[in-house]
file final-v2.pdb (PDB, C-alpha atoms)
MODEL        1
ATOM      1  CA  MET A  22      87.658  91.557  44.422
ATOM      2  CA  ASN A  23      88.484  90.077  47.832
ATOM      3  CA  GLN A  24      91.774  91.990  47.895
ATOM      4  CA  LEU A  25      89.961  95.262  47.147
ATOM      5  CA  LEU A  26      87.465  94.612  49.985
ATOM      6  CA  LEU A  27      90.305  93.918  52.402
ATOM      7  CA  ILE A  28      92.069  97.153  51.420
ATOM      8  CA  LEU A  29      88.877  99.183  51.982
ATOM      9  CA  THR A  30      88.110  97.507  55.343
ATOM     10  CA  PHE A  31      91.522  98.013  56.985
ATOM     11  CA  PRO A  32      91.336 101.852  57.234
ATOM     12  CA  LEU A  33      87.905 101.570  58.870
ATOM     13  CA  LEU A  34      89.227  99.157  61.498
ATOM     14  CA  PHE A  35      92.219 101.409  62.161
ATOM     15  CA  LEU A  36      89.992 104.487  62.541
ATOM     16  CA  THR A  37      87.683 102.655  64.947
ATOM     17  CA  ALA A  38      90.606 101.483  67.102
ATOM     18  CA  CYS A  39      91.990 105.013  67.284
ATOM     19  CA  GLN A  40      88.620 106.413  68.317
ATOM     20  CA  GLU A  41      88.267 103.805  71.066
ATOM     21  CA  LYS A  42      91.790 104.467  72.298
ATOM     22  CA  GLY A  43      91.170 108.215  72.350
ATOM     23  CA  SER A  44      87.896 107.764  74.207
ATOM     24  CA  SER A  45      89.563 105.505  76.785
ATOM     25  CA  LYS A  46      92.365 108.003  77.270
ATOM     26  CA  ARG A  47      89.950 110.900  77.805
ATOM     27  CA  SER A  48      87.945 108.862  80.316
ATOM     28  CA  SER A  49      91.085 107.889  82.202
ATOM     29  CA  SER A  50      92.322 111.503  82.321
ATOM     30  CA  SER A  51      88.958 112.730  83.588
ATOM     31  CA  ASN A  52      88.905 110.056  86.275
ATOM     32  CA  GLN A  53      92.483 110.859  87.298
ATOM     33  CA  LEU A  54      91.569 114.542  87.668
ATOM     34  CA  GLN A  55      88.610 113.643  89.894
ATOM     35  CA  CYS A  56      90.836 111.383  91.988
ATOM     36  CA  ASN A  57      93.466 114.082  92.433
ATOM     37  CA  VAL A  58      90.835 116.589  93.582
ATOM     38  CA  ASN A  59      89.595 114.153  96.217
ATOM     39  CA  GLN A  60      91.985 114.284  99.183
ATOM     40  CA  ASN A  61      91.148 110.662 100.035
ATOM     41  CA  PHE A  62      91.706 109.374  96.510
ATOM     42  CA  TYR A  63      93.816 106.463  97.736
ATOM     43  CA  TYR A  64      90.577 104.956  99.043
ATOM     44  CA  GLN A  65      88.251 106.153  96.247
ATOM     45  CA  PRO A  66      86.836 103.336  94.060
ATOM     46  CA  GLY A  67      88.006 103.753  90.478
ATOM     47  CA  CYS A  68      91.138 105.702  91.368
ATOM     48  CA  PRO A  69      94.686 104.363  90.831
ATOM     49  CA  GLY A  70      95.036 103.364  94.468
ATOM     50  CA  PHE A  71      97.810 103.421  97.010
ATOM     51  CA  CYS A  72      98.908  99.862  96.252
ATOM     52  CA  GLN A  73      99.422 100.565  92.572
ATOM     53  CA  SER A  74     101.699 103.486  93.412
ATOM     54  CA  TYR A  75     103.495 101.685  96.245
ATOM     55  CA  PRO A  76     103.138  97.944  95.536
ATOM     56  CA  THR A  77     105.825  96.890  98.020
ATOM     57  CA  HIS A  78     104.352  98.828 100.955
ATOM     58  CA  ALA A  79     103.402  96.705 103.975
ATOM     59  CA  GLN A  80      99.746  97.649 103.544
ATOM     60  CA  CYS A  81      99.761  96.006 100.113
ATOM     61  CA  TYR A  82     101.553  92.839 101.218
ATOM     62  CA  GLY A  83     103.778  92.921  98.152
ATOM     63  CA  SER A  84     100.966  92.973  95.603
ATOM     64  CA  SER A  85     102.052  94.340  92.236
ATOM     65  CA  THR A  86      98.565  94.891  90.861
ATOM     66  CA  GLY A  87      95.254  96.207  92.030
ATOM     67  CA  GLY A  88      94.807  98.696  94.810
ATOM     68  CA  PHE A  89      92.106  99.969  97.125
ATOM     69  CA  THR A  90      89.462  99.663  94.426
ATOM     70  CA  GLY A  91      86.476  97.417  93.934
ATOM     71  CA  THR A  92      84.169  96.194  96.672
ATOM     72  CA  THR A  93      84.516  94.486 100.034
ATOM     73  CA  THR A  94      83.300  90.883  99.979
ATOM     74  CA  GLY A  95      84.476  89.500 103.314
ATOM     75  CA  THR A  96      82.912  87.861 106.333
ATOM     76  CA  THR A  97      82.607  88.953 109.952
ATOM     77  CA  ILE A  98      85.441  87.790 112.216
ATOM     78  CA  GLY A  99      85.363  88.691 115.897
ATOM     79  CA  GLY A 100      83.209  91.731 115.242
ATOM     80  CA  SER A 101      85.450  93.082 112.484
ATOM     81  CA  ALA A 102      84.575  93.226 108.831
ATOM     82  CA  GLY A 103      87.081  90.998 107.093
ATOM     83  CA  GLY A 104      87.571  89.735 103.581
ATOM     84  CA  THR A 105      89.324  91.095 100.550
ATOM     85  CA  ILE A 106      89.347  94.301  98.557
ATOM     86  CA  GLY A 107      89.143  93.648  94.827
ATOM     87  CA  GLY A 108      91.895  95.188  92.707
ATOM     88  CA  THR A 109      91.836  96.232  89.090
ATOM     89  CA  THR A 110      93.485  92.994  88.023
ATOM     90  CA  GLY A 111      93.467  90.989  91.217
ATOM     91  CA  THR A 112      92.538  90.907  94.909
ATOM     92  CA  ILE A 113      94.388  92.123  97.983
ATOM     93  CA  THR A 114      93.793  90.774 101.475
ATOM     94  CA  ASN A 115      92.835  93.662 103.732
ATOM     95  CA  PRO A 116      95.916  93.991 105.983
ATOM     96  CA  PHE A 117      93.920  95.699 108.719
ATOM     97  CA  ASP A 118      91.599  92.754 109.404
ATOM     98  CA  GLN A 119      93.730  91.672 112.332
ATOM     99  CA  VAL A 120      91.292  90.805 115.119
ATOM    100  CA  VAL A 121      92.021  87.494 116.806
ATOM    101  CA  SER A 122      90.187  87.946 120.132
ATOM    102  CA  SER A 123      87.346  85.781 118.799
ATOM    103  CA  SER A 124      89.619  82.839 119.613
ATOM    104  CA  VAL A 125      89.641  83.613 123.348
ATOM    105  CA  ASN A 126      88.921  80.481 125.355
ATOM    106  CA  SER A 127      86.521  82.283 127.677
ATOM    107  CA  ASN A 128      85.225  79.215 129.572
ATOM    108  CA  TRP A 129      82.499  81.460 130.996
ATOM    109  CA  GLY A 130      81.226  78.918 133.535
ATOM    110  CA  VAL A 131      84.609  78.721 135.293
ATOM    111  CA  LYS A 132      86.178  82.132 134.682
ATOM    112  CA  TYR A 133      82.915  84.052 135.189
ATOM    113  CA  PRO A 134      80.715  82.235 137.716
ATOM    114  CA  GLY A 135      78.866  85.495 138.406
ATOM    115  CA  GLY A 136      77.666  85.665 134.817
ATOM    116  CA  ILE A 137      78.956  87.168 131.576
ATOM    117  CA  PRO A 138      79.832  90.854 132.175
ATOM    118  CA  SER A 139      77.554  93.192 130.291
ATOM    119  CA  GLY A 140      79.146  95.923 128.254
ATOM    120  CA  SER A 141      79.000  97.691 124.932
ATOM    121  CA  CYS A 142      80.869 100.008 122.575
ATOM    122  CA  SER A 143      79.241 102.691 120.462
ATOM    123  CA  PRO A 144      79.047 101.680 116.783
ATOM    124  CA  ALA A 145      81.394 103.143 114.196
ATOM    125  CA  TYR A 146      79.735 105.482 111.715
ATOM    126  CA  ASN A 147      80.449 107.286 108.442
ATOM    127  CA  PRO A 148      82.184 110.661 108.895
ATOM    128  CA  SER A 149      80.224 113.610 107.551
ATOM    129  CA  GLY A 150      81.167 115.290 104.308
ATOM    130  CA  LEU A 151      82.479 112.226 102.460
ATOM    131  CA  ASN A 152      81.603 111.635  98.827
ATOM    132  CA  PHE A 153      82.540 107.956  98.978
ATOM    133  CA  THR A 154      81.775 104.963 101.184
ATOM    134  CA  PRO A 155      84.499 104.599 103.850
ATOM    135  CA  TYR A 156      86.070 101.312 104.813
ATOM    136  CA  ASN A 157      85.528  99.706 108.190
ATOM    137  CA  THR A 158      87.727 100.749 111.085
ATOM    138  CA  ARG A 159      91.032  98.947 111.559
ATOM    139  CA  LYS A 160      91.149  96.401 114.378
ATOM    140  CA  ALA A 161      93.836  94.357 116.089
ATOM    141  CA  THR A 162      94.334  92.430 119.335
ATOM    142  CA  MET A 163      97.053  92.285 121.989
ATOM    143  CA  THR A 164      97.276  89.376 124.452
ATOM    144  CA  ILE A 165      99.908  89.885 127.146
ATOM    145  CA  VAL A 166     100.983  88.020 130.276
ATOM    146  CA  GLY A 167     100.249  89.572 133.675
ATOM    147  CA  LYS A 168     102.792  91.959 135.244
ATOM    148  CA  SER A 169     104.005  92.828 131.774
ATOM    149  CA  PHE A 170     103.339  95.680 129.344
ATOM    150  CA  TYR A 171     102.704  95.751 125.595
ATOM    151  CA  SER A 172     105.237  97.378 123.307
ATOM    152  CA  PRO A 173     106.159  96.423 119.739
ATOM    153  CA  ALA A 174     109.697  97.560 120.576
ATOM    154  CA  SER A 175     110.098  95.076 123.427
ATOM    155  CA  GLY A 176     112.593  92.301 122.939
ATOM    156  CA  VAL A 177     109.863  89.651 123.062
ATOM    157  CA  ALA A 178     107.201  91.264 120.850
ATOM    158  CA  ALA A 179     107.785  88.791 118.027
ATOM    159  CA  ASN A 180     106.895  85.958 120.447
ATOM    160  CA  TYR A 181     103.520  87.352 121.520
ATOM    161  CA  MET A 182     100.862  84.640 121.253
ATOM    162  CA  ASN A 183      97.287  85.361 120.117
ATOM    163  CA  THR A 184      98.357  88.861 119.150
ATOM    164  CA  SER A 185      97.806  90.445 115.745
ATOM    165  CA  SER A 186     100.814  90.246 113.461
ATOM    166  CA  LEU A 187     100.980  94.010 112.865
ATOM    167  CA  LEU A 188     101.365  94.570 116.609
ATOM    168  CA  LYS A 189     104.454  92.372 116.870
ATOM    169  CA  SER A 190     106.919  94.873 115.407
ATOM    170  CA  VAL A 191     107.466  98.629 115.343
ATOM    171  CA  SER A 192     107.121  98.795 111.553
ATOM    172  CA  GLY A 193     103.896  96.779 111.667
ATOM    173  CA  ALA A 194     102.381  98.919 114.411
ATOM    174  CA  GLN A 195     103.353 102.091 112.545
ATOM    175  CA  THR A 196     101.584 100.702 109.479
ATOM    176  CA  LEU A 197      98.467 100.025 111.537
ATOM    177  CA  PHE A 198      98.425 103.652 112.726
ATOM    178  CA  SER A 199      99.459 105.196 109.402
ATOM    179  CA  THR A 200      97.373 108.135 108.174
ATOM    180  CA  ASP A 201      97.687 111.585 106.630
ATOM    181  CA  ALA A 202      95.290 113.500 108.876
ATOM    182  CA  ALA A 203      92.447 111.777 110.760
ATOM    183  CA  LEU A 204      93.417 109.332 113.509
ATOM    184  CA  LYS A 205      91.479 108.048 116.520
ATOM    185  CA  VAL A 206      91.959 104.976 118.685
ATOM    186  CA  ARG A 207      89.958 103.171 121.353
ATOM    187  CA  PHE A 208      90.512 100.006 123.369
ATOM    188  CA  LYS A 209      87.999  97.271 124.157
ATOM    189  CA  VAL A 210      88.585  95.070 127.215
ATOM    190  CA  ILE A 211      88.222  91.395 126.292
ATOM    191  CA  GLN A 212      87.341  88.707 128.817
ATOM    192  CA  GLN A 213      90.251  86.969 130.517
ATOM    193  CA  PRO A 214      91.057  83.696 128.748
ATOM    194  CA  GLU A 215      91.294  80.367 130.529
ATOM    195  CA  THR A 216      94.961  79.347 130.605
ATOM    196  CA  SER A 217      96.862  76.227 131.575
ATOM    197  CA  ASN A 218     100.307  74.673 131.160
ATOM    198  CA  ALA A 219      98.996  72.809 128.125
ATOM    199  CA  SER A 220      97.384  75.956 126.689
ATOM    200  CA  PRO A 221      99.278  78.988 128.055
ATOM    201  CA  TYR A 222      97.541  81.405 125.613
ATOM    202  CA  CYS A 223     100.018  84.243 126.188
ATOM    203  CA  TYR A 224     103.803  84.279 125.935
ATOM    204  CA  GLY A 225     105.667  83.987 129.261
ATOM    205  CA  ARG A 226     102.761  82.676 131.357
ATOM    206  CA  ALA A 227     103.856  81.140 134.686
ATOM    207  CA  SER A 228     102.435  77.918 136.104
ATOM    208  CA  GLY A 229      99.741  78.281 138.718
ATOM    209  CA  ALA A 230      96.139  77.643 139.712
ATOM    210  CA  SER A 231      93.280  79.349 137.905
ATOM    211  CA  ILE A 232      90.987  81.949 139.482
ATOM    212  CA  PRO A 233      87.853  83.656 138.103
ATOM    213  CA  GLY A 234      88.475  86.316 135.473
ATOM    214  CA  TYR A 235      88.669  90.084 135.816
ATOM    215  CA  THR A 236      85.614  92.194 135.010
ATOM    216  CA  LYS A 237      87.530  95.503 134.848
ATOM    217  CA  LEU A 238      90.999  96.545 133.722
ATOM    218  CA  GLN A 239      93.021  99.656 134.498
ATOM    219  CA  PHE A 240      95.861 100.598 132.144
ATOM    220  CA  ASN A 241      97.772 103.580 130.815
ATOM    221  CA  VAL A 242      98.568 104.386 127.204
ATOM    222  CA  GLN A 243     101.595 106.147 125.743
ATOM    223  CA  LEU A 244     102.314 107.234 122.178
ATOM    224  CA  VAL A 245     105.786 106.799 120.726
ATOM    225  CA  GLY A 246     106.442 108.999 117.695
ATOM    226  CA  THR A 247     109.334 109.521 115.291
ATOM    227  CA  ARG A 248     110.016 113.063 114.083
ATOM    228  CA  ALA A 249     111.242 113.992 110.622
ATOM    229  CA  ASN A 250     114.837 114.158 111.904
ATOM    230  CA  GLY A 251     114.631 110.569 113.175
ATOM    231  CA  SER A 252     114.394 111.389 116.888
ATOM    232  CA  THR A 253     111.843 109.475 118.967
ATOM    233  CA  GLU A 254     109.635 110.932 121.686
ATOM    234  CA  THR A 255     107.041 109.514 124.091
ATOM    235  CA  GLU A 256     103.720 111.215 124.831
ATOM    236  CA  PRO A 257     101.417 110.124 127.719
ATOM    237  CA  LEU A 258      97.797 109.670 126.623
ATOM    238  CA  GLY A 259      96.157 108.881 129.962
ATOM    239  CA  THR A 260      94.975 106.114 132.291
ATOM    240  CA  TYR A 261      91.704 104.271 131.708
ATOM    241  CA  THR A 262      89.429 101.995 133.740
ATOM    242  CA  VAL A 263      87.175  99.906 131.526
ATOM    243  CA  ASP A 264      84.682  97.064 132.027
ATOM    244  CA  VAL A 265      84.922  93.790 130.131
ATOM    245  CA  ASN A 266      83.165  94.036 126.740
ATOM    246  CA  SER A 267      83.285  97.855 126.897
ATOM    247  CA  CYS A 268      85.505 100.474 125.219
ATOM    248  CA  THR A 269      87.454 103.538 126.224
ATOM    249  CA  PRO A 270      86.241 106.822 124.759
ATOM    250  CA  ALA A 271      87.837 107.731 121.444
ATOM    251  CA  ILE A 272      91.382 109.056 121.876
ATOM    252  CA  ASP A 273      92.034 111.659 119.174
ATOM    253  CA  LEU A 274      95.574 111.338 117.799
ATOM    254  CA  SER A 275      95.064 113.411 114.652
ATOM    255  CA  SER A 276      97.496 116.151 115.693
ATOM    256  CA  TYR A 277     100.302 113.626 116.122
ATOM    257  CA  ALA A 278     100.216 112.538 112.456
ATOM    258  CA  SER A 279     101.992 115.728 111.333
ATOM    259  CA  THR A 280     104.129 116.016 114.465
ATOM    260  CA  TYR A 281     105.621 112.559 113.902
ATOM    261  CA  PRO A 282     105.830 111.953 110.154
ATOM    262  CA  GLY A 283     108.262 109.094 110.789
ATOM    263  CA  GLY A 284     105.447 106.998 112.257
ATOM    264  CA  ILE A 285     103.741 106.356 115.588
ATOM    265  CA  TYR A 286     102.804 103.371 117.717
ATOM    266  CA  LEU A 287     101.259 102.875 121.161
ATOM    267  CA  VAL A 288     102.493 101.278 124.379
ATOM    268  CA  VAL A 289     100.073  99.888 126.991
ATOM    269  CA  GLY A 290     101.361  99.444 130.544
ATOM    270  CA  SER A 291     100.578  99.432 134.283
ATOM    271  CA  VAL A 292      97.788  96.933 133.617
ATOM    272  CA  ARG A 293      95.790  96.089 136.750
ATOM    273  CA  SER A 294      92.632  94.042 137.205
ATOM    274  CA  ASN A 295      89.827  94.100 139.776
ATOM    275  CA  GLN A 296      90.972  90.751 141.173
ATOM    276  CA  GLY A 297      92.386  92.288 144.339
ATOM    277  CA  PRO A 298      91.934  90.972 147.900
ATOM    278  CA  VAL A 299      88.263  90.435 148.686
ATOM    279  CA  ASN A 300      86.278  89.144 151.662
ATOM    280  CA  PHE A 301      83.705  87.179 149.713
ATOM    281  CA  ASP A 302      83.680  83.815 147.980
ATOM    282  CA  TYR A 303      84.772  84.872 144.499
ATOM    283  CA  TRP A 304      84.625  81.253 143.351
ATOM    284  CA  THR A 305      80.846  81.491 143.684
ATOM    285  CA  ILE A 306      80.095  85.000 142.435
ATOM    286  CA  GLY A 307      83.277  86.046 140.627
ATOM    287  CA  PHE A 308      84.712  89.572 140.635
ATOM    288  CA  ASN A 309      81.707  91.380 139.175
ATOM    289  CA  SER A 310      81.272  93.571 142.250
ATOM    290  CA  SER A 311      84.969  94.047 143.078
ATOM    291  CA  SER A 312      86.641  97.456 142.832
ATOM    292  CA  SER A 313      89.932  96.377 144.398
ATOM    293  CA  PHE A 314      92.687  96.540 141.763
ATOM    294  CA  THR A 315      95.949  94.644 141.667
ATOM    295  CA  ASP A 316      98.525  93.621 139.077
ATOM    296  CA  VAL A 317      97.298  90.875 136.777
ATOM    297  CA  ARG A 318      98.924  87.628 137.952
ATOM    298  CA  THR A 319     101.759  86.105 135.919
ATOM    299  CA  GLN A 320      99.614  82.957 135.767
ATOM    300  CA  ASP A 321      97.066  84.901 133.684
ATOM    301  CA  CYS A 322      96.825  86.940 130.491
ATOM    302  CA  TRP A 323      95.075  90.222 129.732
ATOM    303  CA  VAL A 324      93.508  90.997 126.356
ATOM    304  CA  LEU A 325      92.653  94.266 124.596
ATOM    305  CA  ASP A 326      91.207  94.886 121.158
ATOM    306  CA  VAL A 327      92.519  98.035 119.455
ATOM    307  CA  GLU A 328      90.215  99.883 117.051
ATOM    308  CA  ILE A 329      91.550 102.628 114.783
ATOM    309  CA  ALA A 330      89.765 105.263 112.719
ATOM    310  CA  ALA A 331      91.981 106.827 110.052
ATOM    311  CA  ASP A 332      91.745 108.500 106.642
ATOM    312  CA  GLY A 333      89.205 106.665 104.519
ATOM    313  CA  THR A 334      87.600 104.657 107.348
ATOM    314  CA  LYS A 335      84.537 104.973 109.519
ATOM    315  CA  THR A 336      84.956 106.799 112.808
ATOM    316  CA  PHE A 337      83.666 106.554 116.410
ATOM    317  CA  ASP A 338      83.170 108.612 119.560
TER     318      ASP A 338
ENDMDL
END
call {"tool": "encode", "arguments": {"input": "final-v2.pdb", "output": "structure tokens"}}
result
Amino acid sequence: MNQLLLILTFPLLFLTACQEKGSSKRSSSSNQLQCNVNQNFYYQPGCPGFCQSYPTHAQCYGSSTGGFTGTTTGTTIGGSAGGTIGGTTGTITNPFDQVVSSSVNSNWGVKYPGGIPSGSCSPAYNPSGLNFTPYNTRKATMTIVGKSFYSPASGVAANYMNTSSLLKSVSGAQTLFSTDAALKVRFKVIQQPETSNASPYCYGRASGASIPGYTKLQFNVQLVGTRANGSTETEPLGTYTVDVNSCTPAIDLSSYASTYPGGIYLVVGSVRSNQGPVNFDYWTIGFNSSSSFTDVRTQDCWVLDVEIAADGTKTFD
């Protein structure tokens, strides 16, 4: 009797398993079709994800499972949304949470005796026409010694202190700016850090006495792009004068994504501060009212946050 019951039960179990498998397959195919229709499917929750297709890509940090699926569960670090992005079978640390400027030793009372400079940047917002929730903008920080420029191709880029890891190499910087279509960038001027021989803060700092910090920076920006044939070209993007704690307007780089499919990165140079010769006691009131620009001293560092809007992220003006 027990044998007969077992024989009758087995076909039912087999039929049920087949039905479930068929249902799962249909659901997966339907979801895949929806993902393929969506041009931003790499960032669409429930879709296969970029990291599953390219697990060894720098953006995935070598993860072999998961992808840009799930929900963001991070904390706020230096004004940037951090944390992890949950994968289908694991978690992946968001490689674009790179901001380190929150560690600036501002020492406001000494570097800014005239008071903390006021400033602001317009908030990032969701682009119109999206049928999914975009990720936060990408952010990174560069901290460079005075009378020097930033370039990931420089011979000392790997030694940069208090600079985001992706900005220390050409391949890392190209990853940070990677996109298919949409691409904007803006720079935020961060207060000048207090430096000393014991805590130089930026690579290559020279010994010397401290002075109050800058309240404005002037700098120019260039784009370096690699064409499909491997040739590299440089494009000037302009010169900007920006207050501490404020941002440049958005610089639209979208057209360069197709022009330079081999990747792009940015170079920041000719950095000058409003710490030029003055006739007042800057030790008492600082440089808040100064408009006299000079090269940043080699005894000091300058700091910029870089914010990037790309495919699948929020944007800004």
call {"tool": "resolve_selection", "arguments": {"input": "final-v2.pdb", "expression": "the PyMOL selection byres ((chain A and resi 233) around 6)", "output": "number ranges by chain"}}
result
A: 132-133, 232, 234, 307
call {"tool": "closest_residue", "arguments": {"input": "final-v2.pdb", "among": "A:Asn309, A:Ser294, A:Asn183, A:Ser276", "to": "Ala203 of chain A", "atoms": "all atoms listed in the file"}}
result
A:Ser276
call {"tool": "closest_residue", "arguments": {"input": "final-v2.pdb", "among": "A:Asp264, A:Asp338, A:Glu254, A:Glu328", "to": "Phe308 of chain A", "atoms": "only C-alpha atoms"}}
result
A:Asp264
call {"tool": "residues_around", "arguments": {"input": "final-v2.pdb", "residues": "segment 245-249 of chain A", "least_positions_apart": "2", "cutoff": "12 Å", "atoms": "all atoms listed in the file", "output": "MDAnalysis selection string"}}
result
chainID A and resid 172:174 191:192 194:195 198:199 242:243 251:258 274 276:289
call {"tool": "atom_distance", "arguments": {"input": "final-v2.pdb", "atom1": "atom CA of Leu244 of chain A", "atom2": "atom CA of Met182 of chain A"}}
result
22.7 Å
call {"tool": "axis_aligned_box", "arguments": {"input": "final-v2.pdb", "around": "segment 191-205 of chain A", "padding_each_side": "8 Å", "output": "JSON"}}
result
{"center_x": 99.5, "center_y": 105.1, "center_z": 111.6, "size_x": 32.0, "size_y": 32.7, "size_z": 25.9}
call {"tool": "closest_residue", "arguments": {"input": "final-v2.pdb", "among": "A:Lys237, A:Asn157, A:Ser190, A:Ser310", "to": "Gly176 of chain A", "atoms": "all atoms listed in the file"}}
result
A:Ser190
